[in-house]
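Data first, discussion second: the structure below is written as C-alpha cells.
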There are 2 protein chains.
Amino acid sequence: MKVVFLGTGGSWPTKYRNVMSVALQFKSEVILFDCGEGTQRQMTYTNISFMKIKRIFITHFHADHFLGIPGLLQTMNLNDREEELHIYGPKGTIDLVKSLLSLGYFKPNFRIYAHDLQPDELVRGDGYTVKAVRVCHNVPAYGYVFQEDERPGKFNKARALELGIPEGPLFGRLQRGQSIDIDGRIISPEMVLGPPRKGIKITYSGDTAPCESFLKASEDADLIIHEATFTEEMMEKAGKFGHSTAKGAAELARSAKALKLALVHLSPRYERPEPIIKEAKEVFENVIVPEDLEEIEVKHRD
Amino acid sequence: MKVVFLGTGGSWPTKYRNVMSVALQFKSEVILFDCGEGTQRQMTYTNISFMKIKRIFITHFHADHFLGIPGLLQTMNLNDREEELHIYGPKGTIDLVKSLLSLGYFKPNFRIYAHDLQPDELVRGDGYTVKAVRVCHNVPAYGYVFQEDERPGKFNKARALELGIPEGPLFGRLQRGQSIDIDGRIISPEMVLGPPRKGIKITYSGDTAPCESFLKASEDADLIIHEATFTEEMMEKAGKFGHSTAKGAAELARSAKALKLALVHLSPRYERPEPIIKEAKEVFENVIVPEDLEEIEVKHRD
C-alpha cells in the first residue's frame, strides 16, 4: 500500500511545507489522517483522487489539522460526488462537522457521517481496521492505528500435491479459504495453508508528546508516522505544548520495535529537515523526514 | 501601489491556480479582496506580509472566497499579532466570522471586527475609501471600489515666485495645503496649486455576471479586476450561475473606459489562460490574465 505525505508541517504553512495531512491508499480506497488547510490543493499535485476518499480521521481540533475539510467537501460536491463520506475524531467531531457544513452557502448532495470516537474504538473498513488511541497533547487528541486484516497463510503446493489435489482451480479455492471435496475426502484450507500472515500496521500520532499509550499501540508497526515538532534544544517548549522532539519520537519507535519511522509536523522554524533527521538517526536508523508530496510504499513482510 | 494576485482560480483549486484572493499593497497597509482556502500559504511565496493586512473584504459566501480566513487569523495569532483586523462583506458577515472564530480551539489575542456592509456603504481607510457595490451573482454579492483620496494639485513654482514667495520651506507648507503669510499678505494653497489630482481607482468584481451597477462603479478606473469564469462557448452556464465570460468582462471594461483590465476566477476547466485572453483582447486591448502570485504596479496618471 501507498502512503502519501500531503502536508508535513506544524502550526502554520510555510513555503516549504503545508500543514498536516497524510493519505493512505489501500486498494482502491483513500483514507486521510488529518486534513489541514490546503489539503485538497496538495492532492492535485499527486495521483491521489479526492473522490476516492472514504474516511477522514482527525486527531484533534487545532486548526492546522482540520481546516481543509470544508473546502474538500465542497469540491467533492461540485464534482458530483454521490458516495458517502465518514469523518472521525475525538468527542466534538459531530459538532465540528456540523459547524463546517454550515459555513456560507453549502448543501452537499452526498451523505456525510461524523463520528465521535471513544478511546480505543475500532472502525472497521473493507479489509482493515482503524483504532483511536488517546495521545498526550495539550487538548484531547487521538493517534490512529491502521491495521490491515490478517491474510491467509502461504499455500503449500507440495503438501497439496501429496494430498492428491490436481493443480488447477481447486488450488485457488483452497487459497481463498474454501474447503474442497476430492473423491469424497474433504480437504480444508488449513491442511494446505501456513499460519495466517499479519497485515500491514501503520500508526499515526497526530500531535503528542512521546506517549505510553501510543507506544503500546505502535508495537511492531511497519511504519510509525510520528510528529517531531522540534529538536532537543526546544525540549522545554515541546513539553509545554505537548509536542515531541525528533529524539523523543525516535526513542518511541525504537521501544516499539517498529520497522520504519516517518517524522512529520515540523515547526515552521525548520526550513530544512537536516537537524530533525540527524537527531533521530542517532537513536533509530530507519527514519525519514518526508517532504510534502513524498510517497512511500509499505510492503508485506512475507 | 501594488496589486498581488494571490489566487486567480474559480470554484476549486487546481495545480495551476489557487482560489480567489487579491492583495492591494497601499503604503504600508495590505488590503485583501476575498480570501479563499490556502491564501495564507500563497502569501508565503510573495513579499506580502500577512501581519500587515488591515482589512479583508469578502464579496460573498461561496467557499472559494472565504475559507482562507480562519487559518489566516490563527496564524496571525500564533505570530503574536496585536493590531486589530477588520472583515467586511454582505449581510451575514458578522455571523460568518463568529462561526469561523468558533471552529476548534481558538481564542485570538487581537481584536477582530466584522462588518455587514450596506449596498454603497463606504469604508474609510488611511488615504483611501472602499465602497461596496451590489453585483449580479446567484447569491447576494458585492464588488468593491478602492479609491485613493484626491491628491493636492501640482505646485506651480513660477506662479509662487511671481507672488514673491521665496524658494524654501514655505513652498512645502503650501504643497501640504497650509496658507502662509508673506509680509501681511495671506497666500492660500489654491493660489499656487493646480486642481486636485485624482487618486488611483481599482475595482474588484467578485463573482458576477456583467452587471450595470459594477460597470457604473468602474467608470474611468485605473484597473478593473473582473471575473471571467468562462469563454463565450460556456455562455449558457455563465448566465445560469451568475458568472461572466471573457467577452462580457471585456465589454464592461470598454464601456467603463477603464485603463486596464485583469481577468480572474477562471474555471478549473481552463488549464491555460489563452482562450480567455484571446476572447477578451478582441474587445478590450489592455487586458491581462494574471497567473497566481503575479504582481502589477498601478501608477498615478499624473
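FYI, nothing fancy with the C-alpha cells labels: chains A, B, ... in order, residues from 1 per chain, ligands from 1 as they appear.
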For this session: Compute the chain A side of the contact with chain B at 9 Å, counting only C-alpha atoms, and hand it back as a ChimeraX atom specification.
Result: /A:11-15,18,37-45,60-64,66-68,70-72,74-75,78,92,96,99-100,102-106,139
Exercise. Hey, what's within 8 Å of Ile288 (chain A) if we count only C-alpha atoms and toss same-chain stuff fewer than 6 positions away? As a PyMOL selection string, please?
Worked result: chain A and resi 261-263+277
For this session: Pull the alpha helix (DSSP H) assignments for region 116-212 of chain A out of DSSP run on the backbone, and list those residues as a VMD selection string.
Result: chain A and resid 157 to 162 169 to 175 212
Problem set entry | Residue neighbourhood region 80-90 of chain B, 8 Å, only C-alpha atoms, exclusion window fewer than 2 positions, as a ChimeraX atom specification | /B:51,53-60,76-78,92-93,109-118,140-142
Exercise. Looking at B:Ile69, B:Ala258, B:Cys211, B:Val3, which one is nearest to Gly242 (chain B), with distances taken over only C-alpha atoms?
Worked result: B:Cys211
Problem set entry | Expected answer as a PyMOL selection string: strand (DSSP E or B) residues in region 195-292 of chain B | chain B and resi 197+201-204+209+223-227+230+245+261-264+266+287-288
Written selection (N, CA and C atoms) as a JSON list (two decimals), in the first residue's frame:
[["chain", "number", "residue", "atom", "x", "y", "z"],
["B", 197, "ARG", "N", -5.60, 66.33, -7.93],
["B", 197, "ARG", "CA", -5.42, 65.22, -8.87],
["B", 197, "ARG", "C", -6.11, 63.97, -8.33],
["B", 201, "LYS", "N", -7.91, 54.43, -8.80],
["B", 201, "LYS", "CA", -9.17, 53.71, -8.62],
["B", 201, "LYS", "C", -9.04, 52.29, -9.16],
["B", 202, "ILE", "N", -9.31, 51.34, -8.29],
["B", 202, "ILE", "CA", -9.25, 49.92, -8.68],
["B", 202, "ILE", "C", -10.56, 49.27, -8.27],
["B", 203, "THR", "N", -11.18, 48.57, -9.17],
["B", 203, "THR", "CA", -12.42, 47.89, -8.81],
["B", 203, "THR", "C", -12.25, 46.38, -8.91],
["B", 204, "TYR", "N", -12.95, 45.69, -8.04],
["B", 204, "TYR", "CA", -12.85, 44.23, -7.95],
["B", 204, "TYR", "C", -14.26, 43.65, -7.98],
["B", 209, "ALA", "N", -22.22, 38.14, -13.07],
["B", 209, "ALA", "CA", -22.46, 38.34, -14.49],
["B", 209, "ALA", "C", -22.15, 39.81, -14.78],
["B", 223, "LEU", "N", -7.77, 50.33, -12.97],
["B", 223, "LEU", "CA", -7.71, 48.88, -13.14],
["B", 223, "LEU", "C", -9.04, 48.28, -12.72],
["B", 224, "ILE", "N", -9.61, 47.47, -13.58],
["B", 224, "ILE", "CA", -10.76, 46.64, -13.20],
["B", 224, "ILE", "C", -10.27, 45.21, -13.06],
["B", 225, "ILE", "N", -10.51, 44.64, -11.91],
["B", 225, "ILE", "CA", -10.23, 43.21, -11.73],
["B", 225, "ILE", "C", -11.58, 42.52, -11.81],
["B", 226, "HIS", "N", -11.79, 41.79, -12.88],
["B", 226, "HIS", "CA", -13.13, 41.25, -13.12],
["B", 226, "HIS", "C", -13.05, 39.74, -13.29],
["B", 227, "GLU", "N", -14.05, 39.06, -12.80],
["B", 227, "GLU", "CA", -14.10, 37.62, -13.02],
["B", 227, "GLU", "C", -14.38, 37.34, -14.49],
["B", 230, "PHE", "N", -15.62, 31.91, -17.64],
["B", 230, "PHE", "CA", -15.74, 31.11, -18.86],
["B", 230, "PHE", "C", -15.40, 31.92, -20.12],
["B", 245, "THR", "N", -18.36, 35.81, -18.98],
["B", 245, "THR", "CA", -17.40, 35.30, -19.95],
["B", 245, "THR", "C", -16.32, 36.36, -20.12],
["B", 261, "LEU", "N", -7.57, 46.06, -17.63],
["B", 261, "LEU", "CA", -8.47, 45.01, -17.14],
["B", 261, "LEU", "C", -7.65, 43.77, -16.79],
["B", 262, "ALA", "N", -7.90, 43.22, -15.61],
["B", 262, "ALA", "CA", -7.28, 41.95, -15.22],
["B", 262, "ALA", "C", -8.39, 40.93, -15.01],
["B", 263, "LEU", "N", -8.30, 39.82, -15.70],
["B", 263, "LEU", "CA", -9.35, 38.80, -15.60],
["B", 263, "LEU", "C", -8.93, 37.68, -14.65],
["B", 264, "VAL", "N", -9.84, 37.34, -13.76],
["B", 264, "VAL", "CA", -9.54, 36.33, -12.73],
["B", 264, "VAL", "C", -10.72, 35.36, -12.60],
["B", 266, "LEU", "N", -10.87, 32.12, -13.18],
["B", 266, "LEU", "CA", -11.02, 31.19, -14.30],
["B", 266, "LEU", "C", -11.52, 29.84, -13.80],
["B", 287, "VAL", "N", -5.67, 44.14, -21.66],
["B", 287, "VAL", "CA", -6.18, 43.13, -20.73],
["B", 287, "VAL", "C", -5.08, 42.14, -20.38],
["B", 288, "ILE", "N", -5.07, 41.69, -19.13],
["B", 288, "ILE", "CA", -4.16, 40.61, -18.72],
["B", 288, "ILE", "C", -4.97, 39.53, -18.01]]
Exercise. Do you know which residues are at most 6 Å from Ser21 (chain A) counting only C-alpha atoms, after dropping those on the same chain fewer than 4 positions away, and could you put them as a list in words?
Worked result: Leu6, Gly7, Phe33, Asp34 and Cys35 of chain A
Output N, CA and C atoms for every residue in that selection, as a PDB file, in the first residue's frame.
ATOM      1  N   LEU A   6       0.866  14.444   2.268  1.00  0.00           N
ATOM      2  CA  LEU A   6       0.319  15.623   1.574  1.00  0.00           C
ATOM      3  C   LEU A   6       0.798  16.917   2.214  1.00  0.00           C
ATOM      4  N   GLY A   7       0.887  16.915   3.516  1.00  0.00           N
ATOM      5  CA  GLY A   7       1.387  18.089   4.234  1.00  0.00           C
ATOM      6  C   GLY A   7       2.124  17.604   5.463  1.00  0.00           C
ATOM      7  N   PHE A  33      -5.543  10.938   7.144  1.00  0.00           N
ATOM      8  CA  PHE A  33      -5.305  11.277   8.534  1.00  0.00           C
ATOM      9  C   PHE A  33      -5.012  12.776   8.592  1.00  0.00           C
ATOM     10  N   ASP A  34      -5.879  13.486   9.258  1.00  0.00           N
ATOM     11  CA  ASP A  34      -5.841  14.951   9.342  1.00  0.00           C
ATOM     12  C   ASP A  34      -6.027  15.575   7.948  1.00  0.00           C
ATOM     13  N   CYS A  35      -6.449  16.814   7.989  1.00  0.00           N
ATOM     14  CA  CYS A  35      -6.805  17.473   6.726  1.00  0.00           C
ATOM     15  C   CYS A  35      -6.676  18.985   6.941  1.00  0.00           C
TER      16      CYS A  35
END
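Near Phe5 (chain A), within 6 Å and counting only C-alpha atoms, sit Val22, Asp292, Leu293 and Glu294 of chain A, not including residues fewer than 3 positions from it in the same chain.
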For those residues, write N, CA and C atoms to a file as a compact mmCIF listing (two decimals), in the first residue's frame.
# COMPACT_ATOMS: atom_id res chain seq x y z
N VAL A 22 -1.99 13.22 5.82
CA VAL A 22 -1.35 12.02 5.30
C VAL A 22 -2.42 11.13 4.70
N ASP A 292 6.83 17.33 1.62
CA ASP A 292 5.45 17.35 1.15
C ASP A 292 5.38 16.65 -0.20
N LEU A 293 4.35 15.87 -0.39
CA LEU A 293 4.02 15.16 -1.63
C LEU A 293 4.86 13.90 -1.83
N GLU A 294 5.76 13.62 -0.89
CA GLU A 294 6.55 12.39 -1.00
C GLU A 294 5.64 11.18 -0.79
For this session: Return the single residue from A:Val192, A:Ile31, A:Val4, A:Val133 that is closest to Pro152 (chain A), with distances computed using only C-alpha atoms.
Result: A:Val192
For this session: Tell me which protein, DNA and RNA residues are within 9 Å of region 149-151 of chain A, counting only C-alpha atoms, leaving out same-chain ones fewer than 6 positions away, and put them as a ChimeraX atom specification.
Result: /A:126-129,196-200
Grab the residues selected above and save them as a compact mmCIF listing (two decimals), in the first residue's frame with all heavy atoms.
# COMPACT_ATOMS: atom_id res chain seq x y z
N ASP A 126 -13.05 -1.94 4.78
CA ASP A 126 -13.03 -3.10 3.90
C ASP A 126 -11.61 -3.66 3.83
O ASP A 126 -10.79 -3.19 3.06
CB ASP A 126 -13.52 -2.67 2.51
CG ASP A 126 -13.61 -3.86 1.57
OD1 ASP A 126 -13.58 -5.01 2.05
OD2 ASP A 126 -13.70 -3.63 0.35
N GLY A 127 -11.34 -4.62 4.70
CA GLY A 127 -10.02 -5.24 4.72
C GLY A 127 -9.07 -4.63 5.73
O GLY A 127 -7.88 -4.93 5.76
N TYR A 128 -9.59 -3.75 6.60
CA TYR A 128 -8.72 -3.12 7.60
C TYR A 128 -9.56 -2.59 8.76
O TYR A 128 -10.79 -2.51 8.67
CB TYR A 128 -7.93 -1.96 6.99
CG TYR A 128 -8.81 -0.82 6.53
CD1 TYR A 128 -9.18 0.20 7.42
CD2 TYR A 128 -9.31 -0.76 5.23
CE1 TYR A 128 -10.01 1.25 7.01
CE2 TYR A 128 -10.14 0.27 4.82
CZ TYR A 128 -10.49 1.27 5.71
OH TYR A 128 -11.31 2.28 5.31
N THR A 129 -8.87 -2.27 9.84
CA THR A 129 -9.50 -1.52 10.93
C THR A 129 -8.64 -0.29 11.23
O THR A 129 -7.44 -0.27 10.93
CB THR A 129 -9.60 -2.35 12.21
OG1 THR A 129 -8.30 -2.85 12.55
CG2 THR A 129 -10.56 -3.52 12.05
N PRO A 196 -1.87 -17.90 9.34
CA PRO A 196 -2.27 -16.61 8.78
C PRO A 196 -1.13 -15.62 8.90
O PRO A 196 -0.39 -15.63 9.88
CB PRO A 196 -3.45 -16.17 9.66
CG PRO A 196 -3.93 -17.40 10.35
CD PRO A 196 -2.76 -18.33 10.44
N ARG A 197 -1.02 -14.77 7.89
CA ARG A 197 0.07 -13.78 7.90
C ARG A 197 -0.47 -12.42 8.32
O ARG A 197 -1.58 -12.03 7.94
CB ARG A 197 0.70 -13.68 6.52
CG ARG A 197 1.52 -14.89 6.18
CD ARG A 197 1.97 -14.89 4.73
NE ARG A 197 0.84 -15.06 3.82
CZ ARG A 197 0.95 -15.03 2.48
NH1 ARG A 197 2.12 -14.81 1.93
NH2 ARG A 197 -0.11 -15.21 1.73
N LYS A 198 0.34 -11.70 9.09
CA LYS A 198 -0.10 -10.40 9.60
C LYS A 198 -0.27 -9.39 8.48
O LYS A 198 0.49 -9.38 7.52
CB LYS A 198 0.94 -9.84 10.58
CG LYS A 198 0.91 -10.55 11.92
CD LYS A 198 1.43 -9.67 13.03
CE LYS A 198 2.90 -9.37 12.84
NZ LYS A 198 3.46 -8.69 14.01
N GLY A 199 -1.27 -8.55 8.64
CA GLY A 199 -1.44 -7.46 7.70
C GLY A 199 -0.53 -6.30 8.07
O GLY A 199 0.13 -6.31 9.11
N ILE A 200 -0.50 -5.31 7.21
CA ILE A 200 0.34 -4.13 7.44
C ILE A 200 -0.23 -3.29 8.57
O ILE A 200 -1.44 -3.12 8.70
CB ILE A 200 0.42 -3.31 6.13
CG1 ILE A 200 1.32 -4.02 5.13
CG2 ILE A 200 0.93 -1.89 6.40
CD1 ILE A 200 1.33 -3.41 3.75
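Closest approach to Leu122 (chain B) among B:Ala158, B:Cys136, B:Ala238, B:Val145: B:Val145, based on only C-alpha atoms.
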Exercise. In Å, with one decimal, what is the gap from CA of Leu73 (chain B) to CA of Glu232 (chain A)?
Worked result: 29.3 Å
For this session: Tell me which protein, DNA and RNA residues are within 6 Å of Ser179 (chain B), counting only C-alpha atoms, leaving out same-chain ones fewer than 6 positions away, and put them as a VMD selection string.
Result: chain B and resid 187 to 189
